[in-house]
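Below you'll find the structure, written out as structure tokens, and then a few comments.
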Amino acid sequence: MKKSTIATLISLFVLIPATLLLSRILPGRVHYLTSTLVIVYILIPFFLSFEGKKPSARVLVLIAVLCALAVASRAIFAMLPNFKPIYGIIIIAGIALGAQAGFLVGAVSAFASNFLFGQGPWTPWQMLAYGTCGLLAGLLYFRKDKLPRDPVSLGLFGFISVLFVVCPLLDTSTVLTTLTVFTPTAILGIYTTAILTNLIQAGCTLVTLLAISKPMLRKIDRIITKYGLLE
Amino acid sequence: MHSDGFSKYHPLTNFLFFLGAILFGVLFQHPAYLLAGMLCAGIYYVLLQGRKALKAIAGMLLLLLIVALINPIFNTQGSHILFRLFGRPYTLEALVYGFAVGSILVITLLWFGCYNQIMTEDKFTVLFGNLAPSLSLLLVMVFRLIPNLLSRARQINDARRAIGKGGDDLPLKEKITQGMAVLTALTGWALEGSIVTADSMRSRGYGAAKRTCFQIYQMGFGDYLVILAAVLAAIVTIIGAVTGATDATYTPLLWSAPVSFFLPVYCIYLLIPTFIHVKEVLQCRIFISRI
């Protein structure tokens with residue numbers, strides 16, 4: 001077995017249960033710490049398998065370019081302060097490069113953009129949420145012709161995945177930092193107060209994918225075929 | 001921040017300190033320790049950021065207040081009922097608990113605020129460059145590309161403006177269309193450029209052998225001294241935490257362990273960067289006064 005596979009198995013089947021058990025034994029508010037640790041354990045396998053593959057220079061630079069585009073996209077739309085096309089670009093990266101690379105683009109863009117906007121207790125959650133966004137896109141659309149790839153259906157996919165997957169993951173971080181009891185009403189309260197911002201984020205993703213999914217996918221696919229990048 | 005003494009230490013020293021400070025900050029809920037944590041983190045934050053810090057701290061205190069006031073609405077445990085809201089009891093204990101949880105949040109935000117100033121991306125990649133070489137290279141490239149892309153985006157914008165496209169006072173729909181046009185143009189340029197970069201990397205021997213890491217930071221005597229002091233203070237604090245000196249409960253009854261000598265040790269740990277900062281400033285003053 002490869003070293004990265006062993007590490008993945010250890011991380012998923014030993015570390016996660018051990019941490020969860022520990023959070024039941026230890027007194028006090030350890031749940032925030034243990035949940036963050038669990039996220040780190042989920043992130044590690046993705047990073048390890050990327051390291052283990054020893055990516056070629058071309059793939060490495062291609063991924064770096066997509067991450068940088070995702071981070072820079074927010075500054076390009078500086079004239080519209082609330083407009084964040086970052087999810088759209090991560091989804092496009094996932095569709096073009098596959099689930100694993102999509103996750104990597106998401107997680108690295110979240111991490112890199114936090115060096116500009118500030119790291120915080122939300123960083124691991126953002127990495128997981130953004131990564132999942134790229135992962136889902138890759139799982140559903142990469143090298144598959146079953147699902148329609150026109151801008152409208154991609155836009156809808158983006159809208160739904162941001163509203164129901166990415167934003168709830170980010171709100172979970174708020175739930176864990178601010179609540180003292182975890183009753184259904186309290187948790188629902190936090191999620192509903194965030195619904196407006198989440199709708200805006202999902203709307204931005206919809207607009208981004210409607211406008212640029214076609215030209216961007218064409219450009220990335222062209223580079224991939226021209227230079228045989230994913231072989 | 002070039003004027004900060006602590007940021008001149010080795011990234012490992014910086015990272016270990018923040019790791020401990022944030023972990024302790026999240027775990028302890030004894031009111032005295034929360035207050036100490038907030039004060040120590042706040043002092044260092046103000047030293048680092050100057051005037052800008054005060055505004056940020058005001059925002060954080062507002063957040064603390066909101067978290068505290070909202071908590072009793074959801075958490076109705078406690079014996080002293082202040083009043084009833086929608087028929088549900090609003091208790092003193094839950095309110096105090098809210099303040100404690102809000103303080104934990106503020107402490108983490110403050111420490112992360114300091115962390116963002118000290119642990120710049122170059123320090124981070126120095127620290128993790130050997131552990132994950134491909135990922136750190138990826139991160140370094142992303143940081144190089146962002147300013148590159150932004151300056152290119154400005155050029156594209158200027159060119160578009162010269163042919164009468166784009167501008168500042170456009171309706172929303174136009175603004176989005178313009179931004180998207182810039183983004184796609186940028187993508188095409190960046191992707192072609194990526195192949196050139198990659199080929200150039202390969203012809204310079206990327207992947208031919210194990211890459212070594214450029215190390216600008218060296219662990220010095222001062223680093224070992226600071227790490228030793230931090231580890232000692234942390235061990236004493238952990239002993240305190242294990243023996244229950246940092247325990248406190250809020251609901252259903254307010255109770256906290258008596259304050260013992262572990263508290264000053266905890267403060268010493270948290271004040272390490274502040275000591276270094278103040279020492280540096282004083283030394284600088286003395287040297288200037290001698291000239």
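A note on labels: chains of the structure tokens are A, B, ... as shown, every chain counts residues from 1, and ligands are counted from 1 in their shown order.
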Inset, instruction - Show which residues sit within 6 Å of Gly120 in chain A, as a PyMOL selection string. Count only C-alpha atoms, and ignore same-chain residues fewer than 2 positions away. - result: (chain A and resi 122-123) or (chain B and resi 112)
Could those selected residues go to a file with C-alpha atoms, as a short mmCIF file (atom, residue, chain, number, x, y, z; two decimals), in the first residue's frame?
data_model
loop_
_atom_site.label_atom_id
_atom_site.label_comp_id
_atom_site.auth_asym_id
_atom_site.auth_seq_id
_atom_site.Cartn_x
_atom_site.Cartn_y
_atom_site.Cartn_z
CA TRP A 122 -13.44 29.89 10.19
CA THR A 123 -10.44 28.97 7.98
CA PHE B 112 -5.93 35.45 14.97
#
Inset, instruction - Would you kindly return, as a list of chain:residue names, each protein, DNA or RNA residue with an atom no farther than 12 Å from any atom of Thr197 in chain B, considering only C-alpha atoms and excluding same-chain residues fewer than 2 positions away? - result: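 Counting only the stated atoms, we get A:Ala57, A:Arg58, A:Val59, A:Leu60, A:Val61, A:Leu62, A:Ala64, A:Val65, B:Met141, B:Leu145, B:Ala190, B:Leu191, B:Glu192, B:Gly193, B:Ser194, B:Ile195, B:Asp199, B:Ser200, B:Met201, B:Arg202, B:Ser203, B:Arg204, B:Tyr206.
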Legend entry - Test item: residues at most 9 Å from range 91-106 of chain A, only C-alpha atoms, excluding those fewer than 3 positions along its chain, as a VMD selection string: chain A and resid 46 to 47 50 63 to 64 66 to 67 70 86 to 88 109 to 111 126 to 143 154 158 209 213 216 to 217 220 to 221 224 230
Legend entry - Distance filter 8 Å, only C-alpha atoms, chain A against chain B, as an MDAnalysis selection string: chainID A and resid 28:30 32:33 47 50:51 54:58 60:65 67:69 71:73 75:77 79:80 108 112 115 118:121 177:181 183 185:186 208 211:212 215:216 219:220 223
Near-Pro17 in chain A list (12 Å; only C-alpha atoms; drop same-chain fewer than 4 positions) as a compact mmCIF listing (two decimals) with N, CA and C atoms, in the first residue's frame:
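Wrote it out as selection-v5.txt, contents follow:
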# COMPACT_ATOMS: atom_id res chain seq x y z
N LEU A 9 -6.31 6.07 5.60
CA LEU A 9 -7.09 5.12 6.38
C LEU A 9 -6.97 5.42 7.87
N ILE A 10 -5.72 5.70 8.33
CA ILE A 10 -5.53 6.01 9.74
C ILE A 10 -6.35 7.24 10.11
N SER A 11 -6.27 8.26 9.24
CA SER A 11 -6.95 9.51 9.55
C SER A 11 -8.46 9.31 9.62
N LEU A 12 -9.02 8.50 8.69
CA LEU A 12 -10.48 8.36 8.67
C LEU A 12 -10.99 7.41 9.74
N PHE A 13 -10.26 6.30 9.97
CA PHE A 13 -10.84 5.27 10.83
C PHE A 13 -10.25 5.21 12.23
N LEU A 21 -14.59 10.53 20.37
CA LEU A 21 -14.70 9.91 21.69
C LEU A 21 -14.15 10.85 22.75
N LEU A 22 -13.02 11.45 22.42
CA LEU A 22 -12.36 12.38 23.35
C LEU A 22 -13.30 13.54 23.69
N SER A 23 -14.04 14.04 22.69
CA SER A 23 -14.91 15.18 22.94
C SER A 23 -16.07 14.79 23.83
N ARG A 24 -16.39 13.47 23.91
CA ARG A 24 -17.45 13.05 24.82
C ARG A 24 -16.91 12.93 26.24
N THR A 34 -12.62 19.89 18.73
CA THR A 34 -12.68 18.55 18.14
C THR A 34 -13.28 18.62 16.73
N SER A 35 -14.28 19.49 16.53
CA SER A 35 -14.86 19.55 15.19
C SER A 35 -13.84 20.10 14.20
N LEU A 37 -10.61 19.71 14.46
CA LEU A 37 -9.67 18.62 14.22
C LEU A 37 -10.22 17.63 13.20
N VAL A 38 -11.52 17.31 13.33
CA VAL A 38 -12.12 16.37 12.38
C VAL A 38 -12.02 16.91 10.96
N TYR A 41 -8.63 16.35 9.69
CA TYR A 41 -8.43 14.96 9.28
C TYR A 41 -9.07 14.67 7.92
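For the atom pair formed by CA of Gly37 in chain B and CA of Leu282 in chain B, the distance is 24.4 Å, given to one decimal.
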